[in-house]
Amino acid sequence: MGLGWYITRRVGWAVIVTFIIVTVTWALITAAPNPAVRQAATQAALDGGNPSAAAERVRELRGLNAPLHQRYIDYMVNVYTLDWGWSTMRSQPVTEAMLSALYYTVQYSVPWTLFTILLAPAVGLYSAANQYSWKDHLATGFAFFGYAIPNFFFGIMLLLLFGVYLEWIPITYNSDVPVFSLENARQLIVPVFVLVTGSIGGTMRVARNESAEFISADFVKTANAKGVSKLRVYARHILRPTMVPLSTTIVGQLLALFIGASLLVEIVFGIPGLGRLTFRAIIAQDTNLVLGSTLFFTFIATIGNLIQDLVYTVLDPRISFEDR
Amino acid sequence: MATDDQARFDQTDWEEIDESVDHGLSANTKVVLAGLVPLVLLYAYDYTLVGQYEPTFGFVGWGYSVTQLDWLFALSLLLFGAYGALPLYQAPRMTKYYWGEFKRNRPAVVSLAFLAGIFTMGLLGPLVISPPETDILIPYQPPLGFTIGMESVVECAGPVTEAGGQRVCHGSLAHPFGTTGSGKDIFRSVVYGMQITMKIAFITTLIVVTIGSAVGTVAAYGGGMVDEILMRYVDIQQSFPTFIAYLLILYIFGGGIALFILLFGLFSWEGTARYVRSNALAKVEEEYVKATQLTGASTYHIVRRHLVPNTASSIITDVTLLIPAFILFEAQLAFLGLGDSTIPSWGQVLAGGRDALPYAPWVTLIPGLFIFFTILAFNFLGDALLDALNPQAEAESE
């Protein structure tokens, strides 16, 4: 069995996983009382009408009276054809609402990802090169700090310090400024900083521990003995093997943060991105939108796991893909 | 190292050991049973004879209604004592060795002391300190050593001084950490929050370790289809982000702290299961397992006595990284206003102070710092435990 077959199998499995997850969400939604029906019944009761008749009308309108298997097939077809329904909160299709929110999420996610990928291995390598010195302790302390401080709390504190007291950055997010402008950079610098400190911590630790192993490896000693410059030794001989385990950690870390913390960071800084959209949909009881963002985040997670596995096998030729 | 010990090989009375083995029940099991019997009896009493909102221990004059979560917490403490603390007491030589290794990591020792303090305060504090109460007359009292302008507070619990024509309220010992916007004492809230944090930590750990090691060993030993199905399920669970799943369930069914703990416990064991499985697969090839097999030990015995204890270091490390994640999730949900507003968790206090940030930052700052230091302490602890328990695992653990 070769690499191609492994990749095919892994991708196929990812498709099955999304299928199962979508089914689970359907089961959850179906098992629960529909807020729209409840709302209609309450409204009818308040207006002096017949609550059960109103509930029945809404059920019929939304196709909730159809047999279960019919509803399941409809749901699955709709999900996979990206027909995710109408968002009552935004008065536009769910996919459209999510696309417009994604525009703002991407604006801080891209610099955040780039900074993490560039900085984490560099700091980790630097820390390993100066192992057990005060520089190493400083870097380690920084890593632990970033890892341990709740991102939203850190965000609030920085906003208070730089926004309210020092007035260096705007307190409210302005969504009208052009993407590549100084104002946009100014309002995104703190959210990006907060997220980078969050994601760099764990990754930097892995980079440090992994590269510490290679610093005393035979091939590094050989390179040093041959008179290869120090920079080249670190960049070519130590960084490369370190990147193998690191690449998977980076993907995992970024994913975990993207799904959990970025939601909070968006709310703290008032960025109208996907996280805030999800949150407002929950508050506004907009089922379609909640479901849409849930599915989006799970798809991202599945794809992320897929990439993580594939990157690992492609980068490290020693991995056997038979026993996976 | 062991030569001066009394337990020397040639002096051991093997017949005595044979006899003691025949009893079947280990000391740990006895402790569990001894604790479980009163626990179950009390639970049955609470469930059948006491009304839902009546205090459980009314007969001794303690007006506290024990919740389902408290029972689970007691159970997890019992199991932790029997299988975590008791073995350390039973094997003093190993305990000394681990402690010697652990001690070398100074921040970890400080972290352990900090967490032990939080644990003790959280466990015993609520017994002696009354719960924080709303008092609209004293909102935003500053902590000891801080001041606030009188225009923000209705009454001042501490001394009031005049500075530059403006009257300022000083913090007092009555409220050492100040109060929230509704006049709740922050110190008391923090102490009660410690208990919630410890409940989250212990109960989820219990669930994660139990299910994780069970699934891991069953997959490794069952092999074939069993292994395939269990591990594929683990894959699915890993793909479904628990935080998003919780948001969805919260949206559909509503939630509380009990649901939070159960859900995060039930859907976070995949890492542990993987560790245990891969470790079990590797250890099966080891000589000592083969030797045990040859002496006729049952599969259960091998798994229980040899495989699970040998995986303990990975499990412990995994758990010390999971617990801070749970604490963080709870705080995040509370901050979003989606947490359990009936409990005084740190996240709830933190979230409540957000609007008053410019003039009363301590309401946010104090619980935030507690969350920060607790997460930090768990990380240092995990780091040191990994080094102490399993020196070879340094690289593979991450």
# chains A, B, ... in the order shown; residues from 1 in each chain; ligands from 1
call {"tool": "residues_around", "arguments": {"residues": "region 125-130 of chain A", "least_positions_apart": "6", "cutoff": "6 Å", "atoms": "only C-alpha atoms", "output": "list in words"}}
result
Asp136, Arg208 and Ala212 of chain A
call {"tool": "write_last_selection", "arguments": {"atoms": "N, CA and C atoms", "output": "PDB file, in the first residue's frame"}}
result
ATOM      1  N   ASP A 136      16.541  31.230  27.849  1.00  0.00           N
ATOM      2  CA  ASP A 136      15.630  30.092  27.751  1.00  0.00           C
ATOM      3  C   ASP A 136      14.502  30.243  28.767  1.00  0.00           C
ATOM      4  N   ARG A 208      10.970  23.701  21.199  1.00  0.00           N
ATOM      5  CA  ARG A 208      12.148  23.689  22.069  1.00  0.00           C
ATOM      6  C   ARG A 208      12.542  22.258  22.410  1.00  0.00           C
ATOM      7  N   ALA A 212      15.878  20.461  20.971  1.00  0.00           N
ATOM      8  CA  ALA A 212      16.903  20.173  21.974  1.00  0.00           C
ATOM      9  C   ALA A 212      17.467  18.772  21.754  1.00  0.00           C
TER      10      ALA A 212
END
call {"tool": "residues_around", "arguments": {"residues": "Ala280 (chain B)", "least_positions_apart": "6", "cutoff": "9 Å", "atoms": "only C-alpha atoms", "output": "JSON, numbers by chain"}}
result
{"B": [216, 217, 220, 221, 303, 307, 308, 310, 311]}
call {"tool": "write_last_selection", "arguments": {"atoms": "N, CA and C atoms", "output": "compact mmCIF listing (two decimals), in the first residue's frame"}}
result
# COMPACT_ATOMS: atom_id res chain seq x y z
N GLY B 216 -9.16 2.36 25.83
CA GLY B 216 -7.82 2.13 25.32
C GLY B 216 -7.39 0.69 25.48
N THR B 217 -7.60 0.14 26.67
CA THR B 217 -7.14 -1.24 26.89
C THR B 217 -8.01 -2.24 26.15
N ALA B 220 -6.89 -2.23 22.61
CA ALA B 220 -5.59 -2.87 22.43
C ALA B 220 -5.70 -4.39 22.59
N TYR B 221 -6.51 -4.83 23.54
CA TYR B 221 -6.59 -6.25 23.80
C TYR B 221 -7.58 -6.96 22.90
N VAL B 303 -4.05 -6.36 32.50
CA VAL B 303 -4.47 -5.00 32.16
C VAL B 303 -4.50 -4.15 33.42
N LEU B 307 -0.68 -3.01 32.86
CA LEU B 307 -0.77 -2.07 31.74
C LEU B 307 -1.25 -0.69 32.19
N VAL B 308 -2.34 -0.64 32.94
CA VAL B 308 -2.86 0.67 33.35
C VAL B 308 -1.86 1.42 34.24
N ASN B 310 1.30 1.22 34.25
CA ASN B 310 2.44 1.64 33.44
C ASN B 310 2.11 2.77 32.48
N THR B 311 0.83 3.01 32.26
CA THR B 311 0.43 4.11 31.40
C THR B 311 0.13 5.35 32.23
call {"tool": "atom_distance", "arguments": {"atom1": "CA of Ile186 (chain B)", "atom2": "CA of Ile200 (chain B)"}}
result
20.3 Å
call {"tool": "closest_residue", "arguments": {"among": "A:Ala261, A:Ala97, A:Val311, A:Leu274", "to": "chain B", "atoms": "only C-alpha atoms"}}
result
A:Ala261
call {"tool": "closest_atom_pairs", "arguments": {"of": "chain B", "to": "chain A", "cutoff": "6 Å", "atoms": "only C-alpha atoms", "output": "Markdown table"}}
result
| residue | atom | partner | partner_atom | distance |
| --- | --- | --- | --- | --- |
| B:Ile236 | CA | A:Val17 | CA | 5.8 |
| B:Ser239 | CA | A:Thr302 | CA | 5.1 |
| B:Phe240 | CA | A:Thr298 | CA | 5.7 |
| B:Phe372 | CA | A:Ile149 | CA | 5.0 |
| B:Ile375 | CA | A:Ala148 | CA | 5.3 |
| B:Leu376 | CA | A:Ala148 | CA | 5.0 |
call {"tool": "atom_distance", "arguments": {"atom1": "CA of Ser199 (chain A)", "atom2": "CA of Thr204 (chain B)"}}
result
24.3 Å
call {"tool": "closest_residue", "arguments": {"among": "B:Ala201, B:Ile302, B:Ala273, B:Leu248", "to": "Ala325 (chain B)", "atoms": "only C-alpha atoms"}}
result
B:Ala201
call {"tool": "select_by_dssp", "arguments": {"residues": "region 18-228 of chain A", "states": "helix (DSSP H, G or I)", "output": "ChimeraX atom specification"}}
result
/A:18-31,35-46,51-61,68-80,94-129,134-148,151-165,182-215,218-225
call {"tool": "closest_residue", "arguments": {"among": "A:Ile169, A:Val179, A:Leu289, A:Leu158", "to": "Val106 (chain A)", "atoms": "only C-alpha atoms"}}
result
A:Val179
call {"tool": "residues_around", "arguments": {"residues": "region 361-366 of chain B", "least_positions_apart": "5", "cutoff": "6 Å", "atoms": "only C-alpha atoms", "output": "list in words"}}
result
Thr180, Leu350 and Gly353 of chain B
call {"tool": "residues_around", "arguments": {"residues": "region 94-98 of chain B", "least_positions_apart": "5", "cutoff": "10 Å", "atoms": "only C-alpha atoms", "output": "PDB file with all heavy atoms, in the first residue's frame"}}
result
ATOM      1  N   PRO B  87      -1.652   4.742  47.238  1.00  0.00           N
ATOM      2  CA  PRO B  87      -0.458   4.065  46.712  1.00  0.00           C
ATOM      3  C   PRO B  87       0.827   4.795  47.064  1.00  0.00           C
ATOM      4  O   PRO B  87       1.857   4.156  47.298  1.00  0.00           O
ATOM      5  CB  PRO B  87      -0.687   4.044  45.202  1.00  0.00           C
ATOM      6  CG  PRO B  87      -2.147   4.113  45.036  1.00  0.00           C
ATOM      7  CD  PRO B  87      -2.637   4.947  46.163  1.00  0.00           C
ATOM      8  N   LEU B  88       0.755   6.133  47.112  1.00  0.00           N
ATOM      9  CA  LEU B  88       1.942   6.896  47.485  1.00  0.00           C
ATOM     10  C   LEU B  88       2.356   6.576  48.915  1.00  0.00           C
ATOM     11  O   LEU B  88       3.529   6.475  49.247  1.00  0.00           O
ATOM     12  CB  LEU B  88       1.672   8.396  47.350  1.00  0.00           C
ATOM     13  CG  LEU B  88       1.588   8.943  45.936  1.00  0.00           C
ATOM     14  CD1 LEU B  88       1.343  10.435  45.967  1.00  0.00           C
ATOM     15  CD2 LEU B  88       2.872   8.651  45.185  1.00  0.00           C
ATOM     16  N   TYR B  89       1.354   6.390  49.782  1.00  0.00           N
ATOM     17  CA  TYR B  89       1.625   6.053  51.176  1.00  0.00           C
ATOM     18  C   TYR B  89       2.130   4.620  51.288  1.00  0.00           C
ATOM     19  O   TYR B  89       2.998   4.302  52.097  1.00  0.00           O
ATOM     20  CB  TYR B  89       0.345   6.248  51.985  1.00  0.00           C
ATOM     21  CG  TYR B  89       0.454   5.792  53.413  1.00  0.00           C
ATOM     22  CD1 TYR B  89       1.154   6.549  54.354  1.00  0.00           C
ATOM     23  CD2 TYR B  89      -0.128   4.596  53.821  1.00  0.00           C
ATOM     24  CE1 TYR B  89       1.274   6.117  55.654  1.00  0.00           C
ATOM     25  CE2 TYR B  89      -0.013   4.160  55.129  1.00  0.00           C
ATOM     26  CZ  TYR B  89       0.686   4.923  56.038  1.00  0.00           C
ATOM     27  OH  TYR B  89       0.807   4.498  57.325  1.00  0.00           O
ATOM     28  N   LYS B 103      10.962  17.704  43.192  1.00  0.00           N
ATOM     29  CA  LYS B 103      11.436  18.854  43.957  1.00  0.00           C
ATOM     30  C   LYS B 103      12.407  19.716  43.158  1.00  0.00           C
ATOM     31  O   LYS B 103      12.551  20.908  43.416  1.00  0.00           O
ATOM     32  CB  LYS B 103      12.117  18.334  45.221  1.00  0.00           C
ATOM     33  CG  LYS B 103      11.869  19.168  46.438  1.00  0.00           C
ATOM     34  CD  LYS B 103      12.329  18.463  47.695  1.00  0.00           C
ATOM     35  CE  LYS B 103      13.680  17.805  47.555  1.00  0.00           C
ATOM     36  NZ  LYS B 103      14.083  17.083  48.754  1.00  0.00           N
ATOM     37  N   LEU B 385       5.583  16.654  36.564  1.00  0.00           N
ATOM     38  CA  LEU B 385       5.151  15.267  36.747  1.00  0.00           C
ATOM     39  C   LEU B 385       5.662  14.402  35.605  1.00  0.00           C
ATOM     40  O   LEU B 385       6.095  13.273  35.804  1.00  0.00           O
ATOM     41  CB  LEU B 385       3.622  15.188  36.809  1.00  0.00           C
ATOM     42  CG  LEU B 385       2.999  15.582  38.132  1.00  0.00           C
ATOM     43  CD1 LEU B 385       1.484  15.531  38.033  1.00  0.00           C
ATOM     44  CD2 LEU B 385       3.469  14.653  39.225  1.00  0.00           C
ATOM     45  N   ASP B 387       8.373  14.853  33.876  1.00  0.00           N
ATOM     46  CA  ASP B 387       9.795  14.601  34.089  1.00  0.00           C
ATOM     47  C   ASP B 387      10.017  13.589  35.204  1.00  0.00           C
ATOM     48  O   ASP B 387      10.876  12.720  35.110  1.00  0.00           O
ATOM     49  CB  ASP B 387      10.516  15.907  34.449  1.00  0.00           C
ATOM     50  CG  ASP B 387      10.621  16.828  33.251  1.00  0.00           C
ATOM     51  OD1 ASP B 387      10.370  16.341  32.144  1.00  0.00           O
ATOM     52  OD2 ASP B 387      10.927  18.015  33.433  1.00  0.00           O
ATOM     53  N   ALA B 388       9.227  13.720  36.289  1.00  0.00           N
ATOM     54  CA  ALA B 388       9.457  12.872  37.453  1.00  0.00           C
ATOM     55  C   ALA B 388       8.986  11.445  37.219  1.00  0.00           C
ATOM     56  O   ALA B 388       9.663  10.491  37.582  1.00  0.00           O
ATOM     57  CB  ALA B 388       8.755  13.465  38.674  1.00  0.00           C
ATOM     58  N   LEU B 389       7.821  11.301  36.603  1.00  0.00           N
ATOM     59  CA  LEU B 389       7.229   9.971  36.484  1.00  0.00           C
ATOM     60  C   LEU B 389       7.803   9.183  35.323  1.00  0.00           C
ATOM     61  O   LEU B 389       7.892   7.974  35.374  1.00  0.00           O
ATOM     62  CB  LEU B 389       5.708  10.070  36.298  1.00  0.00           C
ATOM     63  CG  LEU B 389       4.912  10.656  37.451  1.00  0.00           C
ATOM     64  CD1 LEU B 389       3.447  10.697  37.098  1.00  0.00           C
ATOM     65  CD2 LEU B 389       5.116   9.829  38.700  1.00  0.00           C
ATOM     66  N   ASN B 390       8.158   9.877  34.273  1.00  0.00           N
ATOM     67  CA  ASN B 390       8.554   9.151  33.070  1.00  0.00           C
ATOM     68  C   ASN B 390       9.634   9.907  32.310  1.00  0.00           C
ATOM     69  O   ASN B 390       9.365  10.608  31.357  1.00  0.00           O
ATOM     70  CB  ASN B 390       7.322   8.958  32.181  1.00  0.00           C
ATOM     71  CG  ASN B 390       7.563   7.939  31.117  1.00  0.00           C
ATOM     72  OD1 ASN B 390       8.643   7.377  31.028  1.00  0.00           O
ATOM     73  ND2 ASN B 390       6.570   7.706  30.302  1.00  0.00           N
TER      74      ASN B 390
END
call {"tool": "select_by_dssp", "arguments": {"residues": "region 16-252 of chain B", "states": "strand (DSSP E or B)", "output": "list in words"}}
result
Thr147, Ile148, Gly149, Val160, Thr161, Glu162, Ala163, Gln166, Arg167, Val168, Cys169, His170, Thr179 and Asp185 of chain B
call {"tool": "write_last_selection", "arguments": {"atoms": "C-alpha atoms", "output": "short mmCIF file (atom, residue, chain, number, x, y, z; two decimals), in the first residue's frame"}}
result
data_model
loop_
_atom_site.label_atom_id
_atom_site.label_comp_id
_atom_site.auth_asym_id
_atom_site.auth_seq_id
_atom_site.Cartn_x
_atom_site.Cartn_y
_atom_site.Cartn_z
CA THR B 147 -9.77 53.50 46.68
CA ILE B 148 -12.76 54.50 44.58
CA GLY B 149 -14.59 57.79 44.23
CA VAL B 160 -13.92 57.66 53.77
CA THR B 161 -11.33 60.38 53.26
CA GLU B 162 -11.27 63.67 51.43
CA ALA B 163 -8.61 64.19 48.78
CA GLN B 166 -13.27 64.65 46.25
CA ARG B 167 -14.45 62.05 48.74
CA VAL B 168 -12.92 58.65 48.20
CA CYS B 169 -13.90 55.28 49.65
CA HIS B 170 -11.13 53.05 50.97
CA THR B 179 -17.39 43.71 46.11
CA ASP B 185 -18.20 39.99 48.44
#
call {"tool": "atom_distance", "arguments": {"atom1": "CA of Pro324 (chain B)", "atom2": "CA of Thr197 (chain B)"}}
result
9.6 Å
call {"tool": "residues_around", "arguments": {"residues": "Trp269 (chain B)", "least_positions_apart": "6", "cutoff": "9 Å", "atoms": "only C-alpha atoms", "output": "ChimeraX atom specification"}}
result
/B:207-213,234
call {"tool": "residues_around", "arguments": {"residues": "region 28-34 of chain B", "least_positions_apart": "3", "cutoff": "8 Å", "atoms": "only C-alpha atoms", "output": "PyMOL selection string"}}
result
chain B and resi 25+37-38+78-79+82-83+86-87
call {"tool": "write_last_selection", "arguments": {"atoms": "all heavy atoms", "output": "PDB file, in the first residue's frame"}}
result
ATOM      1  N   LEU B  25      -9.007  -8.995  48.205  1.00  0.00           N
ATOM      2  CA  LEU B  25      -9.236  -7.557  48.163  1.00  0.00           C
ATOM      3  C   LEU B  25      -7.961  -6.816  48.561  1.00  0.00           C
ATOM      4  O   LEU B  25      -7.355  -7.103  49.592  1.00  0.00           O
ATOM      5  CB  LEU B  25     -10.360  -7.178  49.127  1.00  0.00           C
ATOM      6  CG  LEU B  25     -11.760  -7.634  48.716  1.00  0.00           C
ATOM      7  CD1 LEU B  25     -12.765  -7.186  49.754  1.00  0.00           C
ATOM      8  CD2 LEU B  25     -12.127  -7.084  47.358  1.00  0.00           C
ATOM      9  N   VAL B  37     -19.872   2.587  50.906  1.00  0.00           N
ATOM     10  CA  VAL B  37     -21.075   2.154  51.622  1.00  0.00           C
ATOM     11  C   VAL B  37     -21.800   3.340  52.267  1.00  0.00           C
ATOM     12  O   VAL B  37     -22.981   3.565  51.983  1.00  0.00           O
ATOM     13  CB  VAL B  37     -20.721   1.044  52.645  1.00  0.00           C
ATOM     14  CG1 VAL B  37     -21.892   0.777  53.554  1.00  0.00           C
ATOM     15  CG2 VAL B  37     -20.298  -0.211  51.912  1.00  0.00           C
ATOM     16  N   PRO B  38     -21.119   4.146  53.105  1.00  0.00           N
ATOM     17  CA  PRO B  38     -21.846   5.304  53.663  1.00  0.00           C
ATOM     18  C   PRO B  38     -22.309   6.288  52.598  1.00  0.00           C
ATOM     19  O   PRO B  38     -23.390   6.876  52.721  1.00  0.00           O
ATOM     20  CB  PRO B  38     -20.813   5.959  54.593  1.00  0.00           C
ATOM     21  CG  PRO B  38     -19.515   5.365  54.250  1.00  0.00           C
ATOM     22  CD  PRO B  38     -19.769   4.024  53.654  1.00  0.00           C
ATOM     23  N   LEU B  78     -13.080  10.149  46.727  1.00  0.00           N
ATOM     24  CA  LEU B  78     -12.845   8.848  47.337  1.00  0.00           C
ATOM     25  C   LEU B  78     -11.927   8.001  46.450  1.00  0.00           C
ATOM     26  O   LEU B  78     -10.928   7.429  46.907  1.00  0.00           O
ATOM     27  CB  LEU B  78     -14.189   8.145  47.537  1.00  0.00           C
ATOM     28  CG  LEU B  78     -14.153   6.742  48.117  1.00  0.00           C
ATOM     29  CD1 LEU B  78     -13.665   6.801  49.548  1.00  0.00           C
ATOM     30  CD2 LEU B  78     -15.529   6.109  48.056  1.00  0.00           C
ATOM     31  N   LEU B  79     -12.262   7.947  45.174  1.00  0.00           N
ATOM     32  CA  LEU B  79     -11.461   7.137  44.245  1.00  0.00           C
ATOM     33  C   LEU B  79     -10.061   7.710  44.117  1.00  0.00           C
ATOM     34  O   LEU B  79      -9.075   6.968  44.044  1.00  0.00           O
ATOM     35  CB  LEU B  79     -12.144   7.064  42.883  1.00  0.00           C
ATOM     36  CG  LEU B  79     -13.421   6.249  42.867  1.00  0.00           C
ATOM     37  CD1 LEU B  79     -14.080   6.311  41.513  1.00  0.00           C
ATOM     38  CD2 LEU B  79     -13.126   4.804  43.236  1.00  0.00           C
ATOM     39  N   ALA B  82      -8.120   6.656  47.123  1.00  0.00           N
ATOM     40  CA  ALA B  82      -7.799   5.232  47.162  1.00  0.00           C
ATOM     41  C   ALA B  82      -6.759   4.853  46.121  1.00  0.00           C
ATOM     42  O   ALA B  82      -5.892   4.018  46.370  1.00  0.00           O
ATOM     43  CB  ALA B  82      -9.072   4.411  46.966  1.00  0.00           C
ATOM     44  N   TYR B  83      -6.840   5.459  44.920  1.00  0.00           N
ATOM     45  CA  TYR B  83      -5.937   5.031  43.851  1.00  0.00           C
ATOM     46  C   TYR B  83      -4.876   6.074  43.513  1.00  0.00           C
ATOM     47  O   TYR B  83      -3.990   5.812  42.708  1.00  0.00           O
ATOM     48  CB  TYR B  83      -6.739   4.676  42.599  1.00  0.00           C
ATOM     49  CG  TYR B  83      -7.599   3.471  42.810  1.00  0.00           C
ATOM     50  CD1 TYR B  83      -8.978   3.568  42.899  1.00  0.00           C
ATOM     51  CD2 TYR B  83      -7.018   2.215  42.956  1.00  0.00           C
ATOM     52  CE1 TYR B  83      -9.765   2.454  43.128  1.00  0.00           C
ATOM     53  CE2 TYR B  83      -7.786   1.099  43.186  1.00  0.00           C
ATOM     54  CZ  TYR B  83      -9.162   1.223  43.269  1.00  0.00           C
ATOM     55  OH  TYR B  83      -9.924   0.118  43.505  1.00  0.00           O
ATOM     56  N   LEU B  86      -3.338   6.884  48.294  1.00  0.00           N
ATOM     57  CA  LEU B  86      -2.985   5.705  49.086  1.00  0.00           C
ATOM     58  C   LEU B  86      -1.763   4.961  48.540  1.00  0.00           C
ATOM     59  O   LEU B  86      -0.876   4.587  49.315  1.00  0.00           O
ATOM     60  CB  LEU B  86      -4.206   4.776  49.198  1.00  0.00           C
ATOM     61  CG  LEU B  86      -4.062   3.630  50.189  1.00  0.00           C
ATOM     62  CD1 LEU B  86      -3.863   4.177  51.589  1.00  0.00           C
ATOM     63  CD2 LEU B  86      -5.288   2.730  50.159  1.00  0.00           C
ATOM     64  N   PRO B  87      -1.652   4.742  47.238  1.00  0.00           N
ATOM     65  CA  PRO B  87      -0.458   4.065  46.712  1.00  0.00           C
ATOM     66  C   PRO B  87       0.827   4.795  47.064  1.00  0.00           C
ATOM     67  O   PRO B  87       1.857   4.156  47.298  1.00  0.00           O
ATOM     68  CB  PRO B  87      -0.687   4.044  45.202  1.00  0.00           C
ATOM     69  CG  PRO B  87      -2.147   4.113  45.036  1.00  0.00           C
ATOM     70  CD  PRO B  87      -2.637   4.947  46.163  1.00  0.00           C
TER      71      PRO B  87
END
call {"tool": "closest_residue", "arguments": {"among": "A:His137, A:Lys230, A:Arg186, A:Arg90", "to": "Ala284 (chain A)", "atoms": "only C-alpha atoms"}}
result
A:Arg90
call {"tool": "closest_residue", "arguments": {"among": "B:Gly193, B:Pro176, B:Gly254, B:Gly222", "to": "Gly368 (chain B)", "atoms": "only C-alpha atoms"}}
result
B:Gly193
